[in-house]
$ cat my_file38.pdb   # PDB, C-alpha atoms
ATOM      1  CA  MET U 199     123.002 182.539 219.858  1.00  0.00           C
ATOM      2  CA  ASP U 200     121.025 184.162 217.086  1.00  0.00           C
ATOM      3  CA  VAL U 201     120.073 181.773 214.303  1.00  0.00           C
ATOM      4  CA  TRP U 202     118.667 183.033 210.996  1.00  0.00           C
ATOM      5  CA  GLU U 203     116.872 180.379 208.936  1.00  0.00           C
ATOM      6  CA  ASP U 204     114.241 179.829 206.277  1.00  0.00           C
ATOM      7  CA  PHE U 205     112.246 176.596 206.580  1.00  0.00           C
ATOM      8  CA  ARG U 206     112.579 176.118 202.792  1.00  0.00           C
ATOM      9  CA  CYS U 207     116.364 176.563 202.777  1.00  0.00           C
ATOM     10  CA  PRO U 208     118.192 173.343 201.855  1.00  0.00           C
ATOM     11  CA  ILE U 209     121.482 174.625 203.313  1.00  0.00           C
ATOM     12  CA  CYS U 210     119.680 175.223 206.628  1.00  0.00           C
ATOM     13  CA  LYS U 211     118.580 171.586 206.486  1.00  0.00           C
ATOM     14  CA  GLU U 212     122.165 170.511 205.821  1.00  0.00           C
ATOM     15  CA  LEU U 213     123.390 172.471 208.860  1.00  0.00           C
ATOM     16  CA  GLU U 214     120.604 171.006 211.007  1.00  0.00           C
ATOM     17  CA  THR U 215     121.626 167.533 209.839  1.00  0.00           C
ATOM     18  CA  SER U 216     125.362 168.033 210.344  1.00  0.00           C
ATOM     19  CA  ALA U 217     125.513 170.198 213.485  1.00  0.00           C
ATOM     20  CA  GLY U 218     121.961 170.639 214.772  1.00  0.00           C
ATOM     21  CA  ALA U 219     122.456 168.364 217.775  1.00  0.00           C
ATOM     22  CA  ALA U 220     125.621 170.250 218.766  1.00  0.00           C
ATOM     23  CA  ILE U 221     123.889 173.607 218.326  1.00  0.00           C
ATOM     24  CA  GLN U 222     121.122 172.441 220.662  1.00  0.00           C
ATOM     25  CA  GLN U 223     123.532 170.837 223.139  1.00  0.00           C
ATOM     26  CA  PHE U 224     125.187 174.177 223.895  1.00  0.00           C
ATOM     27  CA  ALA U 225     121.747 175.633 224.624  1.00  0.00           C
ATOM     28  CA  ASP U 226     120.842 172.665 226.794  1.00  0.00           C
ATOM     29  CA  ASP U 227     124.030 173.002 228.840  1.00  0.00           C
ATOM     30  CA  GLY U 228     123.548 176.745 229.335  1.00  0.00           C
ATOM     31  CA  THR U 229     126.348 178.066 227.134  1.00  0.00           C
ATOM     32  CA  TYR U 230     123.794 180.190 225.272  1.00  0.00           C
ATOM     33  CA  LYS U 231     120.115 180.616 224.547  1.00  0.00           C
ATOM     34  CA  ILE U 232     118.950 180.214 220.966  1.00  0.00           C
ATOM     35  CA  HIS U 233     116.963 183.035 219.400  1.00  0.00           C
ATOM     36  CA  TYR U 234     115.490 182.076 216.030  1.00  0.00           C
ATOM     37  CA  HIS U 235     114.993 184.687 213.313  1.00  0.00           C
ATOM     38  CA  LEU U 236     112.959 183.077 210.577  1.00  0.00           C
ATOM     39  CA  ALA U 237     112.814 184.247 206.999  1.00  0.00           C
ATOM     40  CA  THR U 238     110.498 183.837 204.053  1.00  0.00           C
ATOM     41  CA  PHE U 239     112.670 185.232 201.272  1.00  0.00           C
ATOM     42  CA  LEU U 240     112.743 181.950 199.360  1.00  0.00           C
ATOM     43  CA  ASP U 241     109.034 182.378 198.638  1.00  0.00           C
ATOM     44  CA  ASP U 242     109.870 185.569 196.714  1.00  0.00           C
ATOM     45  CA  ARG U 243     112.884 184.046 194.982  1.00  0.00           C
ATOM     46  CA  LEU U 244     111.289 180.738 194.022  1.00  0.00           C
ATOM     47  CA  GLY U 245     107.568 181.461 194.059  1.00  0.00           C
ATOM     48  CA  GLY U 246     105.060 179.852 196.327  1.00  0.00           C
ATOM     49  CA  SER U 247     104.308 180.290 200.004  1.00  0.00           C
ATOM     50  CA  GLY U 248     106.081 177.416 201.772  1.00  0.00           C
ATOM     51  CA  SER U 249     108.391 179.553 203.889  1.00  0.00           C
ATOM     52  CA  MET U 250     105.539 181.752 205.123  1.00  0.00           C
ATOM     53  CA  THR U 251     103.072 178.902 205.644  1.00  0.00           C
ATOM     54  CA  ALA U 252     105.671 176.930 207.630  1.00  0.00           C
ATOM     55  CA  LEU U 253     106.479 180.046 209.671  1.00  0.00           C
ATOM     56  CA  GLU U 254     102.784 180.555 210.458  1.00  0.00           C
ATOM     57  CA  ALA U 255     102.509 176.922 211.603  1.00  0.00           C
ATOM     58  CA  ALA U 256     105.678 177.359 213.664  1.00  0.00           C
ATOM     59  CA  GLY U 257     103.978 180.295 215.395  1.00  0.00           C
ATOM     60  CA  ALA U 258     101.097 178.018 216.292  1.00  0.00           C
ATOM     61  CA  ALA U 259     103.587 175.423 217.565  1.00  0.00           C
ATOM     62  CA  LEU U 260     105.282 178.058 219.716  1.00  0.00           C
ATOM     63  CA  GLN U 261     101.946 178.766 221.382  1.00  0.00           C
ATOM     64  CA  GLU U 262     101.849 175.099 222.371  1.00  0.00           C
ATOM     65  CA  GLY U 263     105.211 175.604 224.124  1.00  0.00           C
ATOM     66  CA  PRO U 264     108.861 176.230 223.283  1.00  0.00           C
ATOM     67  CA  GLU U 265     109.622 172.518 223.352  1.00  0.00           C
ATOM     68  CA  LYS U 266     106.821 171.873 220.837  1.00  0.00           C
ATOM     69  CA  PHE U 267     108.178 174.633 218.606  1.00  0.00           C
ATOM     70  CA  LYS U 268     111.667 173.123 218.688  1.00  0.00           C
ATOM     71  CA  ALA U 269     110.382 169.619 217.991  1.00  0.00           C
ATOM     72  CA  PHE U 270     108.287 170.921 215.073  1.00  0.00           C
ATOM     73  CA  HIS U 271     111.238 172.992 213.814  1.00  0.00           C
ATOM     74  CA  ASP U 272     113.459 169.918 213.820  1.00  0.00           C
ATOM     75  CA  TYR U 273     110.802 167.721 212.214  1.00  0.00           C
ATOM     76  CA  LEU U 274     110.231 170.235 209.410  1.00  0.00           C
ATOM     77  CA  TYR U 275     113.933 170.270 208.575  1.00  0.00           C
ATOM     78  CA  ALA U 276     114.155 166.478 208.768  1.00  0.00           C
ATOM     79  CA  HIS U 277     111.260 166.211 206.279  1.00  0.00           C
ATOM     80  CA  GLN U 278     111.923 169.267 204.151  1.00  0.00           C
ATOM     81  CA  PRO U 279     110.717 168.921 200.560  1.00  0.00           C
ATOM     82  CA  ASP U 280     112.774 170.174 197.643  1.00  0.00           C
ATOM     83  CA  GLU U 281     112.882 173.963 197.877  1.00  0.00           C
ATOM     84  CA  LYS U 282     111.495 174.329 194.347  1.00  0.00           C
ATOM     85  CA  ALA U 283     108.522 172.065 195.075  1.00  0.00           C
ATOM     86  CA  ASP U 284     107.058 174.448 197.696  1.00  0.00           C
ATOM     87  CA  GLY U 285     105.892 171.439 199.696  1.00  0.00           C
ATOM     88  CA  PHE U 286     105.393 173.477 202.855  1.00  0.00           C
ATOM     89  CA  GLY U 287     102.895 175.684 201.003  1.00  0.00           C
ATOM     90  CA  SER U 288     100.054 173.369 201.989  1.00  0.00           C
ATOM     91  CA  ARG U 289      98.587 173.771 205.463  1.00  0.00           C
ATOM     92  CA  ASP U 290      97.258 170.198 205.171  1.00  0.00           C
ATOM     93  CA  LYS U 291     100.822 168.946 204.567  1.00  0.00           C
ATOM     94  CA  LEU U 292     102.080 170.871 207.590  1.00  0.00           C
ATOM     95  CA  LEU U 293      99.290 169.473 209.747  1.00  0.00           C
ATOM     96  CA  ASP U 294     100.168 165.966 208.543  1.00  0.00           C
ATOM     97  CA  LEU U 295     103.807 166.557 209.502  1.00  0.00           C
ATOM     98  CA  ALA U 296     102.761 167.986 212.873  1.00  0.00           C
ATOM     99  CA  GLU U 297     100.995 164.697 213.668  1.00  0.00           C
ATOM    100  CA  ASN U 298     104.481 163.213 214.103  1.00  0.00           C
ATOM    101  CA  VAL U 299     105.435 165.644 216.870  1.00  0.00           C
ATOM    102  CA  PRO U 300     104.164 164.154 220.132  1.00  0.00           C
ATOM    103  CA  GLY U 301     101.591 166.359 221.822  1.00  0.00           C
ATOM    104  CA  LEU U 302     101.708 169.164 219.252  1.00  0.00           C
ATOM    105  CA  VAL U 303      98.408 168.650 217.481  1.00  0.00           C
ATOM    106  CA  THR U 304      95.675 170.058 219.668  1.00  0.00           C
ATOM    107  CA  PRO U 305      92.394 171.628 218.597  1.00  0.00           C
ATOM    108  CA  ALA U 306      93.948 175.071 219.203  1.00  0.00           C
ATOM    109  CA  PHE U 307      97.001 174.259 217.059  1.00  0.00           C
ATOM    110  CA  THR U 308      94.915 172.839 214.218  1.00  0.00           C
ATOM    111  CA  ASP U 309      92.530 175.779 214.328  1.00  0.00           C
ATOM    112  CA  ALA U 310      95.412 178.289 214.333  1.00  0.00           C
ATOM    113  CA  VAL U 311      97.047 176.628 211.324  1.00  0.00           C
ATOM    114  CA  ASN U 312      93.798 176.351 209.356  1.00  0.00           C
ATOM    115  CA  LYS U 313      92.672 179.907 210.141  1.00  0.00           C
ATOM    116  CA  ARG U 314      96.170 181.354 209.624  1.00  0.00           C
ATOM    117  CA  THR U 315      96.000 182.916 213.081  1.00  0.00           C
ATOM    118  CA  TYR U 316      99.740 183.580 213.100  1.00  0.00           C
ATOM    119  CA  ALA U 317      99.913 185.139 209.627  1.00  0.00           C
ATOM    120  CA  PRO U 318     100.328 188.695 211.040  1.00  0.00           C
ATOM    121  CA  TRP U 319     103.025 187.485 213.440  1.00  0.00           C
ATOM    122  CA  ALA U 320     104.810 185.596 210.643  1.00  0.00           C
ATOM    123  CA  ALA U 321     104.703 188.695 208.420  1.00  0.00           C
ATOM    124  CA  LYS U 322     106.260 190.731 211.235  1.00  0.00           C
ATOM    125  CA  VAL U 323     108.973 188.116 211.830  1.00  0.00           C
ATOM    126  CA  SER U 324     109.696 188.026 208.104  1.00  0.00           C
ATOM    127  CA  ALA U 325     109.916 191.830 207.933  1.00  0.00           C
ATOM    128  CA  GLN U 326     112.314 191.847 210.889  1.00  0.00           C
ATOM    129  CA  PHE U 327     114.534 189.373 209.067  1.00  0.00           C
ATOM    130  CA  ALA U 328     114.429 191.510 205.930  1.00  0.00           C
ATOM    131  CA  SER U 329     115.614 194.557 207.880  1.00  0.00           C
ATOM    132  CA  SER U 330     118.225 192.668 209.940  1.00  0.00           C
ATOM    133  CA  GLY U 331     121.103 193.091 207.518  1.00  0.00           C
ATOM    134  CA  VAL U 332     121.491 189.312 207.287  1.00  0.00           C
ATOM    135  CA  SER U 333     121.613 188.397 203.636  1.00  0.00           C
ATOM    136  CA  GLY U 334     121.384 184.624 203.678  1.00  0.00           C
ATOM    137  CA  THR U 335     120.556 181.538 205.646  1.00  0.00           C
ATOM    138  CA  PRO U 336     121.746 179.866 207.694  1.00  0.00           C
ATOM    139  CA  THR U 337     123.516 182.600 209.635  1.00  0.00           C
ATOM    140  CA  LEU U 338     124.558 182.147 213.255  1.00  0.00           C
ATOM    141  CA  LYS U 339     125.847 184.873 215.555  1.00  0.00           C
ATOM    142  CA  LEU U 340     127.110 184.308 219.062  1.00  0.00           C
ATOM    143  CA  ASP U 341     127.056 187.480 221.157  1.00  0.00           C
ATOM    144  CA  GLY U 342     126.796 189.470 217.926  1.00  0.00           C
ATOM    145  CA  LYS U 343     129.801 187.812 216.273  1.00  0.00           C
ATOM    146  CA  GLN U 344     129.029 185.768 213.166  1.00  0.00           C
ATOM    147  CA  LEU U 345     130.247 182.191 213.236  1.00  0.00           C
ATOM    148  CA  ASN U 346     131.492 180.755 209.968  1.00  0.00           C
ATOM    149  CA  VAL U 347     129.378 177.615 209.841  1.00  0.00           C
ATOM    150  CA  PHE U 348     130.674 176.579 206.438  1.00  0.00           C
ATOM    151  CA  SER U 349     133.769 174.543 205.671  1.00  0.00           C
ATOM    152  CA  THR U 350     136.332 175.635 203.104  1.00  0.00           C
ATOM    153  CA  THR U 351     134.388 173.631 200.507  1.00  0.00           C
ATOM    154  CA  GLY U 352     131.182 175.547 201.249  1.00  0.00           C
ATOM    155  CA  THR U 353     129.370 172.746 203.058  1.00  0.00           C
ATOM    156  CA  PRO U 354     127.973 173.231 206.560  1.00  0.00           C
ATOM    157  CA  VAL U 355     130.363 172.358 209.377  1.00  0.00           C
ATOM    158  CA  THR U 356     130.230 169.079 211.229  1.00  0.00           C
ATOM    159  CA  ALA U 357     129.172 168.828 214.857  1.00  0.00           C
ATOM    160  CA  ASP U 358     132.824 168.660 215.979  1.00  0.00           C
ATOM    161  CA  GLN U 359     133.769 171.685 213.863  1.00  0.00           C
ATOM    162  CA  TYR U 360     130.817 173.589 215.302  1.00  0.00           C
ATOM    163  CA  LYS U 361     131.835 172.694 218.858  1.00  0.00           C
ATOM    164  CA  ALA U 362     135.349 174.002 218.165  1.00  0.00           C
ATOM    165  CA  LEU U 363     133.915 177.270 216.775  1.00  0.00           C
ATOM    166  CA  VAL U 364     131.839 177.837 219.888  1.00  0.00           C
ATOM    167  CA  GLN U 365     134.660 176.878 222.232  1.00  0.00           C
ATOM    168  CA  GLN U 366     136.915 179.375 220.478  1.00  0.00           C
ATOM    169  CA  ALA U 367     134.222 182.069 220.625  1.00  0.00           C
ATOM    170  CA  VAL U 368     133.592 181.612 224.349  1.00  0.00           C
ATOM    171  CA  GLY U 369     137.263 181.429 225.243  1.00  0.00           C
ATOM    172  CA  GLY U 370     137.677 177.703 225.558  1.00  0.00           C
ATOM    173  CA  ALA U 371     134.795 177.147 227.973  1.00  0.00           C
ATOM    174  CA  LYS U 372     132.835 173.911 227.720  1.00  0.00           C
TER     175      LYS U 372
END

$ encode --input "my_file38.pdb" --output "structure tokens"
Amino acid sequence: MDVWEDFRCPICKELETSAGAAIQQFADDGTYKIHYHLATFLDDRLGGSGSMTALEAAGAALQEGPEKFKAFHDYLYAHQPDEKADGFGSRDKLLDLAENVPGLVTPAFTDAVNKRTYAPWAAKVSAQFASSGVSGTPTLKLDGKQLNVFSTTGTPVTADQYKALVQQAVGGAK
């Protein structure tokens, strides 16, 4: 499962809220592995640096372990500020949020966030998103096939709707 997101994207937050547990459950039960492709295009569209700063901090979280990255990822979406406020633009704010992820904040993590150690990595990840052909977030593709994760009214699907999409895509398994 390839998942394209931007930490500043309010629709990504809505999908995480409505179907995030189901998305993770399929990974936990071995139906697929999740590969995140993170974007920073909202910084260009809205001004600020929140997408990039959050991505840099996520890189530092990944170095603490995949489970720490996922917990930080989920916590950022659960506490996402208004996209226009650029609330993730502050490294201090991100470090404050990270304090709520058990075991994440270590001297190495704090140092990496403060020194922007993962800025080159985040720039590379952002450039890869920009050249991916994906034009918006959230976008999910299972084995290269895009899943329509929006209802007919344009809102993100529910957990049950997501489960049905995946079951259909994998031929009824699970």

$ residues_around --input "my_file38.pdb" --residues "segment 266-270 of chain U" --least-positions-apart "4" --cutoff "10 Å" --atoms "all atoms listed in the file" --output "ChimeraX atom specification"
/U:222,252,255-262,274-276,292,295-303

$ closest_residue --input "my_file38.pdb" --among "U:Gln344, U:Glu214, U:Lys322, U:Met199" --to "Tyr273 of chain U" --atoms "all atoms listed in the file"
U:Glu214

$ resolve_selection --input "my_file38.pdb" --expression "the PyMOL selection byres ((chain U and resi 326) around 12)" --output "list in words"
Trp202, Tyr234, His235, Leu236, Ala237, Thr238, Phe239, Trp319, Ala320, Ala321, Lys322, Val323, Ser324, Ala325, Phe327, Ala328, Ser329, Ser330, Gly331 and Val332 of chain U

$ residues_around --input "my_file38.pdb" --residues "Lys231 of chain U" --least-positions-apart "2" --cutoff "10 Å" --atoms "all atoms listed in the file" --output "ChimeraX atom specification"
/U:199-200,222,224-229,233-234,340

$ resolve_selection --input "my_file38.pdb" --expression "the PyMOL selection byres ((chain U and resi 210) around 12)" --output "ChimeraX atom specification"
/U:201-209,211-218,236-237,271-272,274-276,278,281,334-338,347-348,353-355

$ atom_distance --input "my_file38.pdb" --atom1 "atom CA of Tyr316 of chain U" --atom2 "atom CA of Gly287 of chain U"
14.8 Å

$ closest_residue --input "my_file38.pdb" --among "U:His277, U:Lys291, U:Lys361, U:Lys282" --to "Leu345 of chain U" --atoms "all atoms listed in the file"
U:Lys361

$ atom_distance --input "my_file38.pdb" --atom1 "atom CA of Arg243 of chain U" --atom2 "atom CA of Asp290 of chain U"
23.2 Å

$ axis_aligned_box --input "my_file38.pdb" --around "segment 355-362 of chain U" --padding-each-side "4 Å" --output "AutoDock Vina command-line options"
--center_x 132.3 --center_y 171.3 --center_z 214.1 --size_x 14.2 --size_y 13.3 --size_z 17.5

$ closest_residue --input "my_file38.pdb" --among "U:Asn346, U:Gln366, U:Asn312, U:Ser333" --to "Thr251 of chain U" --atoms "only C-alpha atoms"
U:Asn312

$ atom_distance --input "my_file38.pdb" --atom1 "atom CA of Ala367 of chain U" --atom2 "atom CA of Thr350 of chain U"
18.8 Å

$ closest_residue --input "my_file38.pdb" --among "U:Glu254, U:Val368, U:Pro264, U:Thr356" --to "Ser288 of chain U" --atoms "all atoms listed in the file"
U:Glu254
